[in-house]
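*Asks:* Take this structure first; my questions come after.
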Amino acid sequence: MAARSARPSLYISVDIEADGPIPGPYSMISFGAAVAGRQDGDSYTAADPERQTFYRELRPISDEYVAEALAVSGLDRDLLVREGTDPALAMAEFRSWVREVAADAGAQPVMCGYPASFDWTFLYWYLMRFGGDSPFGHSGCLDMKTLYATKARVPLRAAVKGRMPRELLSSRRHTHHALDDAVEQAELMSNLMLWTP
């Protein structure tokens with residue numbers, strides 16, 4: 001029997017801002033996404049990370065929050081309570097956007113983040129809680145921290161941006177605005193995919 005070839009992957013960098021450590025008791029208050037690039041077999045093509053993006057600020061889902069976590073984003077929680085996008089609407093719009101950019105690329109969408117564990121936890125929980133469906137499936141997630149550790153042959157705890165070669169890092173500032181950071185991380189993703197240590 002012939003081996004089944006894998007479909008190409010479209011890597012979508014996602015960054016989220018939250019007002020606490022876990023979804024449910026706490027809220028995802030904003031998230032941004034940027035198409036990083038497309039992998040087909042051993043070929044990777046970087047995208048312009050500013051060309052295909054998505055951003056929403058969300059209405060909180062509970063009254064609980066951690067002031068220090070909220071402060072990181074610089075967002076006004078009272079304003080989000082009044083004017084933030086309803087999470088169900090935001091997730092429906094995001095699902096449509098992901099499916100559209102993936103279809104245009106002829107590829108399966110894969111969420112990527114640095115580190116992905118925090119962002120994926122909130123993103124997947126919100127996708128399932130508000131609509132019951134994830135365009136990434138249950139495991140379509142790539143952690144850039146792990147990717148770097150594997151390629152650089154360093155322990156995971158040593159895989160920090162401060163120890164990475166400068167040419168891998170984006171020249172953009174990490175602002176804690178979810179879209180800015182998704183774009184910055186999309187550049188890191190492409191640099192990592194194209195890097196031969």
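Ordering of the structure tokens sets the chain letters (A, B, ...); residue numbers start at 1 within each chain; ligands are numbered from 1 in the order shown.
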Any idea what's packed within 10 Å of region 51-64 of chain A, counting only C-alpha atoms, ignoring anything in its chain fewer than 3 positions away? Could you give it as a PDB file with N, CA and C atoms, in the first residue's frame?
*Replies:*
ATOM      1  N   ILE A  12      -0.353  29.500  11.703  1.00  0.00           N
ATOM      2  CA  ILE A  12      -0.993  30.741  12.119  1.00  0.00           C
ATOM      3  C   ILE A  12      -0.536  31.060  13.531  1.00  0.00           C
ATOM      4  N   SER A  13       0.211  32.145  13.659  1.00  0.00           N
ATOM      5  CA  SER A  13       0.707  32.592  14.956  1.00  0.00           C
ATOM      6  C   SER A  13      -0.435  33.241  15.723  1.00  0.00           C
ATOM      7  N   VAL A  14      -0.647  32.780  16.951  1.00  0.00           N
ATOM      8  CA  VAL A  14      -1.722  33.329  17.789  1.00  0.00           C
ATOM      9  C   VAL A  14      -1.133  33.776  19.120  1.00  0.00           C
ATOM     10  N   ASP A  15      -1.547  34.962  19.553  1.00  0.00           N
ATOM     11  CA  ASP A  15      -1.173  35.456  20.874  1.00  0.00           C
ATOM     12  C   ASP A  15      -2.448  35.894  21.580  1.00  0.00           C
ATOM     13  N   ILE A  16      -2.561  35.539  22.846  1.00  0.00           N
ATOM     14  CA  ILE A  16      -3.742  35.954  23.612  1.00  0.00           C
ATOM     15  C   ILE A  16      -3.313  36.752  24.837  1.00  0.00           C
ATOM     16  N   GLU A  17      -4.204  37.606  25.276  1.00  0.00           N
ATOM     17  CA  GLU A  17      -4.052  38.314  26.550  1.00  0.00           C
ATOM     18  C   GLU A  17      -5.220  37.884  27.421  1.00  0.00           C
ATOM     19  N   ALA A  18      -4.945  37.622  28.683  1.00  0.00           N
ATOM     20  CA  ALA A  18      -5.967  37.129  29.607  1.00  0.00           C
ATOM     21  C   ALA A  18      -5.880  37.872  30.927  1.00  0.00           C
ATOM     22  N   ASP A  19      -6.966  37.806  31.697  1.00  0.00           N
ATOM     23  CA  ASP A  19      -6.978  38.491  32.998  1.00  0.00           C
ATOM     24  C   ASP A  19      -6.769  37.527  34.164  1.00  0.00           C
ATOM     25  N   GLY A  20      -6.242  36.354  33.863  1.00  0.00           N
ATOM     26  CA  GLY A  20      -5.946  35.368  34.890  1.00  0.00           C
ATOM     27  C   GLY A  20      -5.233  34.174  34.286  1.00  0.00           C
ATOM     28  N   PRO A  23      -8.550  29.528  31.691  1.00  0.00           N
ATOM     29  CA  PRO A  23      -9.866  29.900  31.149  1.00  0.00           C
ATOM     30  C   PRO A  23     -10.995  29.320  31.990  1.00  0.00           C
ATOM     31  N   GLY A  24     -12.104  30.001  31.978  1.00  0.00           N
ATOM     32  CA  GLY A  24     -13.276  29.568  32.746  1.00  0.00           C
ATOM     33  C   GLY A  24     -13.492  30.500  33.903  1.00  0.00           C
ATOM     34  N   PRO A  25     -12.682  30.333  34.966  1.00  0.00           N
ATOM     35  CA  PRO A  25     -12.783  31.307  36.050  1.00  0.00           C
ATOM     36  C   PRO A  25     -12.317  32.692  35.593  1.00  0.00           C
ATOM     37  N   TYR A  26     -11.383  32.713  34.640  1.00  0.00           N
ATOM     38  CA  TYR A  26     -10.831  33.976  34.129  1.00  0.00           C
ATOM     39  C   TYR A  26     -11.120  34.082  32.637  1.00  0.00           C
ATOM     40  N   SER A  27     -10.834  35.243  32.085  1.00  0.00           N
ATOM     41  CA  SER A  27     -11.244  35.539  30.716  1.00  0.00           C
ATOM     42  C   SER A  27     -10.073  35.806  29.775  1.00  0.00           C
ATOM     43  N   MET A  28     -10.244  35.377  28.526  1.00  0.00           N
ATOM     44  CA  MET A  28      -9.377  35.833  27.451  1.00  0.00           C
ATOM     45  C   MET A  28      -9.936  37.201  27.065  1.00  0.00           C
ATOM     46  N   ILE A  29      -9.127  38.231  27.150  1.00  0.00           N
ATOM     47  CA  ILE A  29      -9.652  39.575  26.908  1.00  0.00           C
ATOM     48  C   ILE A  29      -9.280  40.122  25.529  1.00  0.00           C
ATOM     49  N   SER A  30      -8.279  39.527  24.895  1.00  0.00           N
ATOM     50  CA  SER A  30      -7.988  39.878  23.506  1.00  0.00           C
ATOM     51  C   SER A  30      -7.168  38.757  22.893  1.00  0.00           C
ATOM     52  N   PHE A  31      -7.240  38.657  21.568  1.00  0.00           N
ATOM     53  CA  PHE A  31      -6.365  37.722  20.875  1.00  0.00           C
ATOM     54  C   PHE A  31      -6.121  38.217  19.459  1.00  0.00           C
ATOM     55  N   GLY A  32      -4.929  37.891  18.976  1.00  0.00           N
ATOM     56  CA  GLY A  32      -4.529  38.273  17.630  1.00  0.00           C
ATOM     57  C   GLY A  32      -3.942  37.077  16.918  1.00  0.00           C
ATOM     58  N   ALA A  33      -4.051  37.076  15.600  1.00  0.00           N
ATOM     59  CA  ALA A  33      -3.517  35.985  14.791  1.00  0.00           C
ATOM     60  C   ALA A  33      -2.916  36.560  13.515  1.00  0.00           C
ATOM     61  N   ALA A  34      -1.848  35.908  13.053  1.00  0.00           N
ATOM     62  CA  ALA A  34      -1.174  36.320  11.824  1.00  0.00           C
ATOM     63  C   ALA A  34      -0.669  35.080  11.109  1.00  0.00           C
ATOM     64  N   VAL A  35      -0.916  35.002   9.810  1.00  0.00           N
ATOM     65  CA  VAL A  35      -0.398  33.882   9.027  1.00  0.00           C
ATOM     66  C   VAL A  35       1.118  34.007   8.957  1.00  0.00           C
ATOM     67  N   ALA A  36       1.811  32.944   9.398  1.00  0.00           N
ATOM     68  CA  ALA A  36       3.281  32.940   9.419  1.00  0.00           C
ATOM     69  C   ALA A  36       3.860  32.366   8.130  1.00  0.00           C
ATOM     70  N   ALA A  47       5.295  33.878   4.986  1.00  0.00           N
ATOM     71  CA  ALA A  47       4.305  34.855   4.542  1.00  0.00           C
ATOM     72  C   ALA A  47       4.665  36.224   5.105  1.00  0.00           C
ATOM     73  N   ASP A  48       4.107  37.266   4.519  1.00  0.00           N
ATOM     74  CA  ASP A  48       4.198  38.597   5.125  1.00  0.00           C
ATOM     75  C   ASP A  48       3.230  38.570   6.306  1.00  0.00           C
ATOM     76  N   ALA A  67      -5.415  41.332  39.004  1.00  0.00           N
ATOM     77  CA  ALA A  67      -5.046  42.692  38.596  1.00  0.00           C
ATOM     78  C   ALA A  67      -3.718  42.731  37.851  1.00  0.00           C
ATOM     79  N   LEU A  75      -5.341  46.832  28.758  1.00  0.00           N
ATOM     80  CA  LEU A  75      -6.742  47.019  28.361  1.00  0.00           C
ATOM     81  C   LEU A  75      -7.592  47.423  29.570  1.00  0.00           C
ATOM     82  N   ARG A  77     -10.710  46.929  31.604  1.00  0.00           N
ATOM     83  CA  ARG A  77     -11.696  45.865  31.807  1.00  0.00           C
ATOM     84  C   ARG A  77     -13.126  46.393  31.820  1.00  0.00           C
ATOM     85  N   ASP A  78     -13.351  47.541  32.427  1.00  0.00           N
ATOM     86  CA  ASP A  78     -14.702  48.109  32.454  1.00  0.00           C
ATOM     87  C   ASP A  78     -15.194  48.412  31.041  1.00  0.00           C
ATOM     88  N   LEU A  79     -14.302  48.905  30.200  1.00  0.00           N
ATOM     89  CA  LEU A  79     -14.660  49.175  28.805  1.00  0.00           C
ATOM     90  C   LEU A  79     -14.954  47.868  28.069  1.00  0.00           C
ATOM     91  N   LEU A  80     -14.169  46.835  28.339  1.00  0.00           N
ATOM     92  CA  LEU A  80     -14.416  45.537  27.696  1.00  0.00           C
ATOM     93  C   LEU A  80     -15.759  44.952  28.127  1.00  0.00           C
ATOM     94  N   VAL A  81     -16.128  45.135  29.384  1.00  0.00           N
ATOM     95  CA  VAL A  81     -17.432  44.654  29.865  1.00  0.00           C
ATOM     96  C   VAL A  81     -18.551  45.317  29.069  1.00  0.00           C
ATOM     97  N   ARG A  82     -18.386  46.611  28.763  1.00  0.00           N
ATOM     98  CA  ARG A  82     -19.414  47.349  28.028  1.00  0.00           C
ATOM     99  C   ARG A  82     -19.334  47.149  26.511  1.00  0.00           C
ATOM    100  N   GLU A  83     -18.127  47.122  25.973  1.00  0.00           N
ATOM    101  CA  GLU A  83     -17.977  47.198  24.514  1.00  0.00           C
ATOM    102  C   GLU A  83     -17.218  46.037  23.876  1.00  0.00           C
ATOM    103  N   GLY A  84     -16.707  45.115  24.672  1.00  0.00           N
ATOM    104  CA  GLY A  84     -15.958  43.982  24.102  1.00  0.00           C
ATOM    105  C   GLY A  84     -16.855  43.107  23.244  1.00  0.00           C
ATOM    106  N   THR A  85     -16.256  42.449  22.268  1.00  0.00           N
ATOM    107  CA  THR A  85     -17.004  41.542  21.391  1.00  0.00           C
ATOM    108  C   THR A  85     -17.487  40.342  22.187  1.00  0.00           C
ATOM    109  N   ASP A  86     -18.726  39.935  21.942  1.00  0.00           N
ATOM    110  CA  ASP A  86     -19.257  38.735  22.566  1.00  0.00           C
ATOM    111  C   ASP A  86     -18.359  37.553  22.174  1.00  0.00           C
ATOM    112  N   PRO A  87     -17.900  36.734  23.137  1.00  0.00           N
ATOM    113  CA  PRO A  87     -16.986  35.640  22.812  1.00  0.00           C
ATOM    114  C   PRO A  87     -17.511  34.673  21.743  1.00  0.00           C
ATOM    115  N   ALA A  88     -18.813  34.365  21.762  1.00  0.00           N
ATOM    116  CA  ALA A  88     -19.375  33.448  20.763  1.00  0.00           C
ATOM    117  C   ALA A  88     -19.242  34.031  19.358  1.00  0.00           C
ATOM    118  N   LEU A  89     -19.497  35.330  19.223  1.00  0.00           N
ATOM    119  CA  LEU A  89     -19.363  35.991  17.924  1.00  0.00           C
ATOM    120  C   LEU A  89     -17.898  36.022  17.488  1.00  0.00           C
ATOM    121  N   ALA A  90     -17.012  36.376  18.413  1.00  0.00           N
ATOM    122  CA  ALA A  90     -15.582  36.445  18.089  1.00  0.00           C
ATOM    123  C   ALA A  90     -15.056  35.082  17.642  1.00  0.00           C
ATOM    124  N   MET A  91     -15.453  34.019  18.322  1.00  0.00           N
ATOM    125  CA  MET A  91     -14.978  32.680  17.950  1.00  0.00           C
ATOM    126  C   MET A  91     -15.549  32.256  16.602  1.00  0.00           C
ATOM    127  N   GLU A  93     -16.344  34.289  14.128  1.00  0.00           N
ATOM    128  CA  GLU A  93     -15.605  35.069  13.127  1.00  0.00           C
ATOM    129  C   GLU A  93     -14.197  34.515  12.941  1.00  0.00           C
ATOM    130  N   PHE A  94     -13.569  34.124  14.033  1.00  0.00           N
ATOM    131  CA  PHE A  94     -12.215  33.580  13.953  1.00  0.00           C
ATOM    132  C   PHE A  94     -12.198  32.249  13.212  1.00  0.00           C
ATOM    133  N   TRP A  97     -12.440  32.961   9.580  1.00  0.00           N
ATOM    134  CA  TRP A  97     -11.191  33.532   9.064  1.00  0.00           C
ATOM    135  C   TRP A  97     -10.129  32.445   8.889  1.00  0.00           C
ATOM    136  N   VAL A  98      -9.958  31.592   9.904  1.00  0.00           N
ATOM    137  CA  VAL A  98      -8.964  30.512   9.820  1.00  0.00           C
ATOM    138  C   VAL A  98      -9.268  29.602   8.636  1.00  0.00           C
ATOM    139  N   VAL A 101      -8.422  31.468   5.224  1.00  0.00           N
ATOM    140  CA  VAL A 101      -7.002  31.599   4.871  1.00  0.00           C
ATOM    141  C   VAL A 101      -6.385  30.230   4.605  1.00  0.00           C
ATOM    142  N   HIS A 177       0.359  43.747  23.087  1.00  0.00           N
ATOM    143  CA  HIS A 177      -0.866  43.907  22.303  1.00  0.00           C
ATOM    144  C   HIS A 177      -0.935  42.621  21.484  1.00  0.00           C
ATOM    145  N   ALA A 178      -2.040  41.903  21.588  1.00  0.00           N
ATOM    146  CA  ALA A 178      -2.110  40.550  21.031  1.00  0.00           C
ATOM    147  C   ALA A 178      -1.788  40.486  19.540  1.00  0.00           C
ATOM    148  N   LEU A 179      -2.237  41.456  18.747  1.00  0.00           N
ATOM    149  CA  LEU A 179      -1.934  41.390  17.321  1.00  0.00           C
ATOM    150  C   LEU A 179      -0.466  41.709  17.055  1.00  0.00           C
ATOM    151  N   ASP A 180       0.073  42.725  17.714  1.00  0.00           N
ATOM    152  CA  ASP A 180       1.502  43.031  17.562  1.00  0.00           C
ATOM    153  C   ASP A 180       2.342  41.796  17.863  1.00  0.00           C
ATOM    154  N   ALA A 182       1.408  38.603  17.926  1.00  0.00           N
ATOM    155  CA  ALA A 182       1.181  37.514  16.963  1.00  0.00           C
ATOM    156  C   ALA A 182       2.027  37.731  15.713  1.00  0.00           C
ATOM    157  N   VAL A 183       2.116  38.974  15.246  1.00  0.00           N
ATOM    158  CA  VAL A 183       2.928  39.295  14.066  1.00  0.00           C
ATOM    159  C   VAL A 183       4.405  39.065  14.377  1.00  0.00           C
TER     160      VAL A 183
END
*Asks:* Name all residues at most 7 Å from Ala46 (chain A) (count only C-alpha atoms; drop same-chain ones fewer than 6 positions away) and give them as a PyMOL selection string.
*Replies:* chain A and resi 36-38+190
*Asks:* Go through A:Trp120, A:Trp195, A:Tyr114, A:Phe130 one by one, measure the shortest atom-to-atom distance of each to Lys151 (chain A) using only C-alpha atoms, and give the residue with the smallest value.
*Replies:*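 Of A:Trp120, A:Trp195, A:Tyr114, A:Phe130, the one nearest Lys151 (chain A) is A:Trp195, counting only C-alpha atoms.
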*Asks:* Go through A:Gly140, A:Pro115, A:Gly74, A:Gly131 and flag the residue nearest Leu156 (chain A), using only C-alpha atoms for the distances.
*Replies:* A:Pro115
